[in-house]
>>> print(open('my_file-v3.cif').read())   # mmCIF, C-alpha atoms
data_upload
#
loop_
_atom_site.label_atom_id
_atom_site.label_comp_id
_atom_site.auth_asym_id
_atom_site.auth_seq_id
_atom_site.Cartn_x
_atom_site.Cartn_y
_atom_site.Cartn_z
CA MET A 193 -1.24 14.34 -7.50
CA THR A 194 1.89 12.24 -7.21
CA PRO A 195 2.54 10.46 -3.93
CA GLU A 196 5.97 12.08 -3.47
CA THR A 197 4.72 15.36 -2.07
CA PRO A 198 7.64 17.69 -1.27
CA GLY A 199 7.80 18.79 2.34
CA ALA A 200 5.12 16.42 3.59
CA GLY A 201 5.84 15.02 7.05
CA SER A 202 5.81 11.32 7.82
CA THR A 203 2.39 11.60 9.47
CA VAL A 204 0.88 13.20 6.39
CA ARG A 205 2.56 10.63 4.12
CA ARG A 206 0.90 7.85 6.14
CA ILE A 207 -2.48 9.54 5.72
CA LEU A 208 -1.89 10.04 1.99
CA LEU A 209 -0.86 6.42 1.47
CA GLY A 210 -3.75 5.14 3.56
CA SER A 211 -6.29 7.17 1.60
CA GLN A 212 -4.89 5.97 -1.73
CA LEU A 213 -4.95 2.33 -0.60
CA ARG A 214 -8.55 2.78 0.57
CA ARG A 215 -9.59 4.15 -2.85
CA LEU A 216 -7.85 1.28 -4.62
CA ARG A 217 -9.54 -1.28 -2.35
CA GLU A 218 -12.99 0.24 -2.80
CA ALA A 219 -12.53 0.52 -6.58
CA LYS A 220 -11.75 -3.21 -6.68
CA GLY A 221 -14.71 -4.06 -4.44
CA VAL A 222 -12.51 -5.69 -1.79
CA SER A 223 -13.70 -5.68 1.82
CA ARG A 224 -11.46 -4.71 4.74
CA GLN A 225 -11.77 -8.25 6.02
CA GLU A 226 -10.50 -9.68 2.71
CA ALA A 227 -7.63 -7.19 2.64
CA GLY A 228 -6.73 -8.03 6.22
CA TYR A 229 -6.59 -11.74 5.42
CA VAL A 230 -4.03 -11.16 2.66
CA ILE A 231 -1.59 -9.37 4.99
CA ARG A 232 -2.38 -11.55 8.03
CA ALA A 233 -4.10 -8.71 9.87
CA SER A 234 -7.52 -7.89 11.27
CA GLU A 235 -10.19 -5.77 9.64
CA SER A 236 -9.55 -3.08 12.27
CA LYS A 237 -5.85 -3.04 11.34
CA ILE A 238 -6.78 -2.28 7.72
CA SER A 239 -9.01 0.52 8.99
CA ARG A 240 -6.14 1.99 11.02
CA LEU A 241 -3.79 1.69 8.04
CA GLU A 242 -6.22 3.49 5.76
CA LEU A 243 -6.61 6.29 8.30
CA GLY A 244 -2.84 6.67 8.57
CA ARG A 245 -2.86 5.83 12.27
CA VAL A 246 -0.14 3.12 12.12
CA SER A 247 3.03 2.55 10.13
CA PHE A 248 3.18 0.42 6.97
CA LYS A 249 5.34 -2.57 6.16
CA GLU A 250 6.57 -2.45 2.58
CA ARG A 251 5.69 -6.13 2.08
CA ASP A 252 2.11 -5.45 3.20
CA VAL A 253 1.78 -2.56 0.77
CA GLU A 254 3.09 -4.73 -2.07
CA ASP A 255 0.65 -7.55 -1.19
CA LEU A 256 -2.28 -5.13 -1.03
CA LEU A 257 -1.35 -3.57 -4.37
CA THR A 258 -1.33 -7.05 -5.92
CA LEU A 259 -4.75 -7.78 -4.41
CA TYR A 260 -6.08 -4.48 -5.77
CA GLY A 261 -4.82 -5.22 -9.28
CA VAL A 262 -2.12 -2.55 -9.40
CA THR A 263 0.41 -4.02 -11.84
CA ASP A 264 2.07 -0.92 -13.31
CA PRO A 265 5.68 -0.94 -11.98
CA THR A 266 5.90 2.86 -11.80
CA GLU A 267 2.68 3.19 -9.80
CA ARG A 268 3.65 0.35 -7.48
CA GLU A 269 7.11 1.76 -6.82
CA ALA A 270 5.71 5.24 -6.13
CA LEU A 271 3.37 3.86 -3.45
CA VAL A 272 6.02 1.60 -1.92
CA GLN A 273 8.41 4.57 -1.81
CA LEU A 274 5.71 6.58 -0.05
CA ALA A 275 5.52 3.79 2.55
CA ARG A 276 9.29 4.04 3.09
CA GLU A 277 9.08 7.80 3.54
CA ALA A 278 6.08 7.46 5.84
CA ASN A 279 8.17 5.30 8.16
CA THR A 280 10.95 7.90 8.41
CA PRO A 281 10.90 9.42 11.92
CA GLY A 282 10.36 13.17 12.14
CA TRP A 283 12.67 15.45 14.14
CA TRP A 284 10.21 15.35 17.07
CA HIS A 285 10.71 11.60 17.59
CA ARG A 286 13.83 12.28 19.63
CA TYR A 287 11.44 13.63 22.28
CA ASN A 288 9.52 10.34 22.44
CA ASP A 289 10.29 9.84 26.11
CA VAL A 290 8.37 13.02 27.04
CA LEU A 291 5.92 13.13 24.11
CA PRO A 292 2.64 11.17 24.42
CA SER A 293 1.85 9.09 21.32
CA TRP A 294 -1.40 10.99 20.74
CA PHE A 295 0.50 14.29 20.64
CA GLN A 296 3.19 12.92 18.30
CA THR A 297 0.45 12.68 15.68
CA TYR A 298 -0.44 16.33 16.21
CA VAL A 299 3.16 17.54 15.92
CA GLY A 300 3.52 15.61 12.66
CA LEU A 301 0.35 17.16 11.27
CA GLU A 302 1.30 20.65 12.47
CA GLU A 303 4.70 20.29 10.82
CA SER A 304 3.02 19.70 7.44
CA ALA A 305 0.14 22.18 7.68
CA THR A 306 0.00 25.28 5.52
CA LEU A 307 -2.76 26.88 7.60
CA ILE A 308 -3.20 26.57 11.37
CA ARG A 309 -6.29 28.14 12.91
CA THR A 310 -6.56 27.87 16.67
CA TYR A 311 -8.81 29.05 19.50
CA GLU A 312 -7.43 28.98 23.04
CA LEU A 313 -9.36 29.54 26.22
CA GLN A 314 -6.92 28.87 29.04
CA PHE A 315 -3.38 29.49 27.77
CA VAL A 316 -1.58 31.36 25.03
CA PRO A 317 -1.23 28.87 22.12
CA GLY A 318 1.99 26.84 22.23
CA LEU A 319 3.21 28.31 18.93
CA LEU A 320 3.05 31.81 20.43
CA GLN A 321 4.46 31.16 23.91
CA THR A 322 7.70 32.65 25.17
CA GLU A 323 10.20 30.27 26.74
CA GLY A 324 9.43 31.61 30.22
CA TYR A 325 5.68 31.27 29.77
CA ALA A 326 6.05 27.78 28.27
CA ARG A 327 8.23 26.67 31.16
CA ALA A 328 5.66 27.90 33.70
CA VAL A 329 2.77 26.16 31.90
CA ILE A 330 4.68 22.90 31.45
CA ARG A 331 5.89 22.84 35.04
CA GLN A 332 2.34 23.44 36.28
CA GLY A 333 0.99 20.58 34.15
CA ASN A 334 3.76 18.15 35.06
CA ALA A 335 4.11 18.57 38.80
CA GLY A 336 6.96 16.49 40.17
CA ALA A 337 8.65 15.97 36.79
CA PRO A 338 12.47 16.23 36.89
CA GLU A 339 13.98 19.44 35.55
CA HIS A 340 15.63 17.74 32.55
CA GLU A 341 12.18 16.54 31.42
CA ILE A 342 10.76 20.05 31.76
CA ASP A 343 13.73 21.31 29.70
CA GLN A 344 12.99 18.76 26.95
CA ARG A 345 9.33 19.73 26.78
CA VAL A 346 10.21 23.43 26.58
CA GLU A 347 12.82 22.73 23.89
CA LEU A 348 10.26 20.82 21.83
CA ARG A 349 7.77 23.70 22.06
CA MET A 350 10.39 26.24 21.04
CA GLN A 351 11.47 24.09 18.09
CA ARG A 352 7.87 23.79 16.88
CA GLN A 353 7.78 27.60 16.68
CA GLU A 354 10.72 27.78 14.27
CA ARG A 355 8.46 26.99 11.31
CA LEU A 356 6.68 30.33 11.74
CA THR A 357 9.78 32.27 10.72
CA GLY A 358 11.44 29.70 8.47
CA PRO A 359 11.04 28.91 4.75
CA ASN A 360 7.56 27.79 3.66
CA ALA A 361 6.15 29.11 6.93
CA PRO A 362 2.52 28.21 7.58
CA ARG A 363 -0.21 30.79 8.07
CA LEU A 364 -1.17 30.97 11.74
CA TRP A 365 -4.49 32.54 12.72
CA ALA A 366 -5.01 32.48 16.48
CA VAL A 367 -8.00 33.63 18.52
CA LEU A 368 -7.23 34.01 22.22
CA ASP A 369 -9.95 34.30 24.80
CA GLU A 370 -9.27 37.24 27.09
CA ALA A 371 -9.30 34.75 29.97
CA ALA A 372 -6.04 33.23 28.65
CA LEU A 373 -4.38 36.64 28.85
CA ARG A 374 -5.80 37.62 32.24
CA ARG A 375 -4.67 34.40 33.92
CA PRO A 376 -1.28 35.11 35.59
CA ILE A 377 1.22 32.47 34.51
CA GLY A 378 4.75 32.60 35.90
CA GLY A 379 4.39 36.03 37.49
CA PRO A 380 4.29 39.63 36.20
CA GLU A 381 7.69 39.55 34.46
CA VAL A 382 6.79 36.43 32.48
CA MET A 383 3.42 37.90 31.52
CA ARG A 384 4.98 41.19 30.39
CA GLY A 385 7.40 39.25 28.21
CA GLN A 386 4.51 37.23 26.80
CA PHE A 387 2.47 40.32 25.90
CA GLU A 388 5.50 41.91 24.21
CA HIS A 389 6.09 38.69 22.28
CA LEU A 390 2.47 38.55 21.06
CA ILE A 391 2.74 42.15 19.84
CA GLU A 392 5.94 41.30 17.95
CA MET A 393 4.51 38.06 16.50
CA SER A 394 1.46 39.92 15.24
CA LYS A 395 3.77 41.92 12.96
CA LEU A 396 4.71 38.80 10.97
CA PRO A 397 2.90 38.68 7.61
CA ASN A 398 1.85 35.05 8.16
CA VAL A 399 0.51 35.53 11.71
CA THR A 400 -2.90 36.93 12.68
CA ILE A 401 -3.87 37.29 16.34
CA GLN A 402 -7.29 38.27 17.67
CA ILE A 403 -8.68 38.56 21.20
CA MET A 404 -12.18 37.42 22.13
CA PRO A 405 -13.01 40.00 24.84
CA PHE A 406 -14.96 39.33 28.03
CA ARG A 407 -17.46 42.03 27.11
CA PHE A 408 -18.75 39.94 24.21
CA GLY A 409 -20.30 37.39 26.60
CA GLY A 410 -21.27 34.01 25.16
CA HIS A 411 -19.74 33.09 21.80
CA ALA A 412 -19.45 30.38 19.17
CA ALA A 413 -16.73 28.32 20.88
CA GLU A 414 -18.05 27.85 24.38
CA GLY A 415 -17.23 24.14 24.02
CA GLY A 416 -13.53 24.88 24.52
CA ALA A 417 -10.22 25.12 22.70
CA PHE A 418 -9.61 23.56 19.28
CA THR A 419 -7.27 23.76 16.30
CA ILE A 420 -8.00 23.33 12.58
CA LEU A 421 -5.15 22.19 10.32
CA ARG A 422 -5.12 22.52 6.53
CA PHE A 423 -2.59 20.87 4.21
CA PRO A 424 -1.24 21.58 0.72
CA GLU A 425 -2.26 18.11 -0.53
CA GLN A 426 -5.67 18.33 -2.19
CA ASP A 427 -6.40 14.72 -1.24
CA LEU A 428 -6.22 15.52 2.47
CA PRO A 429 -9.21 16.93 4.36
CA ASP A 430 -8.85 19.55 7.06
CA VAL A 431 -8.26 18.01 10.50
CA VAL A 432 -9.72 19.34 13.74
CA TYR A 433 -7.65 18.68 16.86
CA VAL A 434 -9.38 18.73 20.25
CA GLU A 435 -7.24 17.97 23.30
CA ASN A 436 -8.31 16.73 26.73
CA LEU A 437 -6.48 15.74 29.92
CA THR A 438 -5.56 12.23 28.80
CA GLY A 439 -5.56 12.33 25.01
CA ALA A 440 -6.98 14.02 21.95
CA MET A 441 -9.55 13.66 19.19
CA TYR A 442 -8.71 14.07 15.51
CA LEU A 443 -11.81 14.87 13.46
CA ASP A 444 -11.77 14.81 9.66
CA LYS A 445 -15.37 13.98 8.71
CA ARG A 446 -16.78 16.75 6.58
CA ASP A 447 -19.74 17.50 8.86
CA ASP A 448 -17.54 17.70 11.97
CA VAL A 449 -14.95 19.89 10.28
CA ASP A 450 -17.63 22.21 8.88
CA THR A 451 -19.10 22.71 12.37
CA TYR A 452 -15.73 23.79 13.73
CA LEU A 453 -14.97 25.93 10.68
CA GLN A 454 -18.26 27.79 11.18
CA ALA A 455 -17.44 28.31 14.87
CA MET A 456 -14.00 29.64 13.94
CA GLU A 457 -15.41 32.01 11.32
CA ARG A 458 -17.88 33.33 13.87
CA LEU A 459 -15.12 33.79 16.44
CA CYS A 460 -13.03 35.80 13.97
CA VAL A 461 -15.97 38.04 13.13
CA ASP A 462 -16.94 38.61 16.77
CA SER A 463 -13.42 39.06 18.19
CA ALA A 464 -11.42 42.28 18.29
CA THR A 465 -9.78 43.04 14.95
CA PRO A 466 -6.04 42.31 14.65
CA GLU A 467 -5.35 46.06 14.92
CA ARG A 468 -7.53 46.46 18.01
CA THR A 469 -5.96 43.32 19.47
CA VAL A 470 -2.51 44.96 19.40
CA GLU A 471 -4.00 47.93 21.30
CA LEU A 472 -5.53 45.60 23.89
CA LEU A 473 -2.23 43.78 24.30
CA GLY A 474 -0.57 47.16 24.88
CA ASP A 475 -3.17 47.93 27.56
CA LEU A 476 -2.50 44.57 29.25
CA LEU A 477 1.25 45.23 29.12
CA ARG A 478 0.82 48.58 30.86
CA GLU A 479 -1.47 47.04 33.50
CA THR A 480 0.95 44.24 34.40
#
>>> encode(input="my_file-v3.cif", output="structure tokens")
Amino acid sequence: MTPETPGAGSTVRRILLGSQLRRLREAKGVSRQEAGYVIRASESKISRLELGRVSFKERDVEDLLTLYGVTDPTEREALVQLAREANTPGWWHRYNDVLPSWFQTYVGLEESATLIRTYELQFVPGLLQTEGYARAVIRQGNAGAPEHEIDQRVELRMQRQERLTGPNAPRLWAVLDEAALRRPIGGPEVMRGQFEHLIEMSKLPNVTIQIMPFRFGGHAAEGGAFTILRFPEQDLPDVVYVENLTGAMYLDKRDDVDTYLQAMERLCVDSATPERTVELLGDLLRET
């Protein structure tokens, strides 16, 4: 695989570059401490670079490539160019003043994913929310925030959704707990609009929606909401995103990812089928 991967977001480019630098370092038998010394950084900084958690300086990349014995001009230039591209801000960076740093990472990963599988317990997933529903959720979670900030957050959420109907749209497979649909957000009119929107979205060829009904009782994802992201780059592992009140966890270790994949597979088997889900959404629409 060449480093210049078409369509990859800056976040994914950082991860790609970091993983390639890690392989080069390990192949040369260089420790993180030794690598850090060469670029005047700590061992932990090298770890963060290799995980794609921080941006790269071109000079540092060049110094590391020299340390790792990479002398071929074409290979060096390809990796340095990847560093330049990785430092290019994504469209979402204009929302930095309302976007926590830990969520910026998620938006960058979501922007590059080819498959997004998500389970939601409390709310309709952000990628499937109407503007009215999103505004009600955001206002509830940001009590006291000025209206212009609420507007920015809503705008960001709506812009994230554009990928679903644009070129190279990702596959979205969402499992919604019935609790998320029974919880009244924004009032009856907003909820009716949200149910109608879910029915319409389910008609898209790249969108699958399932409901985990109350009647099923306990199920495989009692631990809470999570999202699994898959990317076109073969070098990149799936990433599991788990959000909490003050931040998020990004899991990419094989054992962790496999546990969540198994839970998701179980959820999809145990939930209402996509066809039955549309019927249930119609029932909820008539009840509201």
>>> resolve_selection(input="my_file-v3.cif", expression="the PyMOL selection byres ((chain A and resi 398) around 8)", output="list in words")
Leu356, Ala361, Pro362, Arg363, Leu364, Leu396, Pro397, Val399 and Thr400 of chain A
>>> resolve_selection(input="my_file-v3.cif", expression="the PyMOL selection byres ((chain A and resi 253) around 9)", output="JSON, numbers by chain")
{"A": [213, 231, 248, 249, 250, 251, 252, 254, 255, 256, 257, 258, 268, 271, 272, 275]}
>>> residues_around(input="my_file-v3.cif", residues="segment 297-304 of chain A", least_positions_apart="2", cutoff="8 Å", atoms="all atoms listed in the file", output="list in words")
Gly199, Ala200, Gly201, Ser202, Thr203, Val204, Gly282, Trp284, Ser293, Trp294, Phe295, Thr306, Ile308, Arg352, Arg355, Leu421, Phe423 and Tyr433 of chain A
>>> resolve_selection(input="my_file-v3.cif", expression="the PyMOL selection byres ((chain A and resi 402-408) around 8)", output="number ranges by chain")
A: 366-371, 400-401, 409-411, 459-460, 462-466, 469
>>> write_last_selection(input="my_file-v3.cif", atoms="C-alpha atoms", output="CSV table (one decimal), keeping the file's coordinate frame")
chain,number,residue,atom,x,y,z
A,366,ALA,CA,-5.0,32.5,16.5
A,367,VAL,CA,-8.0,33.6,18.5
A,368,LEU,CA,-7.2,34.0,22.2
A,369,ASP,CA,-10.0,34.3,24.8
A,370,GLU,CA,-9.3,37.2,27.1
A,371,ALA,CA,-9.3,34.8,30.0
A,400,THR,CA,-2.9,36.9,12.7
A,401,ILE,CA,-3.9,37.3,16.3
A,409,GLY,CA,-20.3,37.4,26.6
A,410,GLY,CA,-21.3,34.0,25.2
A,411,HIS,CA,-19.7,33.1,21.8
A,459,LEU,CA,-15.1,33.8,16.4
A,460,CYS,CA,-13.0,35.8,14.0
A,462,ASP,CA,-16.9,38.6,16.8
A,463,SER,CA,-13.4,39.1,18.2
A,464,ALA,CA,-11.4,42.3,18.3
A,465,THR,CA,-9.8,43.0,15.0
A,466,PRO,CA,-6.0,42.3,14.6
A,469,THR,CA,-6.0,43.3,19.5
>>> closest_residue(input="my_file-v3.cif", among="A:Ser239, A:Asn334, A:Gln344, A:Thr322", to="Met383 of chain A", atoms="all atoms listed in the file")
A:Thr322
>>> atom_distance(input="my_file-v3.cif", atom1="atom CA of Ala326 of chain A", atom2="atom CA of Glu339 of chain A")
13.6 Å
>>> closest_residue(input="my_file-v3.cif", among="A:Arg214, A:Arg286, A:Lys395, A:Arg240", to="Glu467 of chain A", atoms="only C-alpha atoms")
A:Lys395
>>> atom_distance(input="my_file-v3.cif", atom1="atom CA of Leu274 of chain A", atom2="atom CA of Ile420 of chain A")
25.1 Å
>>> atom_distance(input="my_file-v3.cif", atom1="atom CA of Tyr260 of chain A", atom2="atom CA of Asn279 of chain A")
22.2 Å
>>> closest_residue(input="my_file-v3.cif", among="A:Gln426, A:Leu453, A:Arg458, A:Glu381", to="Leu477 of chain A", atoms="only C-alpha atoms")
A:Glu381
>>> axis_aligned_box(input="my_file-v3.cif", around="segment 469-475 of chain A", padding_each_side="8 Å", output="lines of an AutoDock Vina configuration file")
center_x = -3.3
center_y = 45.6
center_z = 23.5
size_x = 21.4
size_y = 20.6
size_z = 24.2
>>> closest_residue(input="my_file-v3.cif", among="A:Val434, A:Gly244, A:Tyr287, A:Leu259", to="Arg224 of chain A", atoms="all atoms listed in the file")
A:Leu259
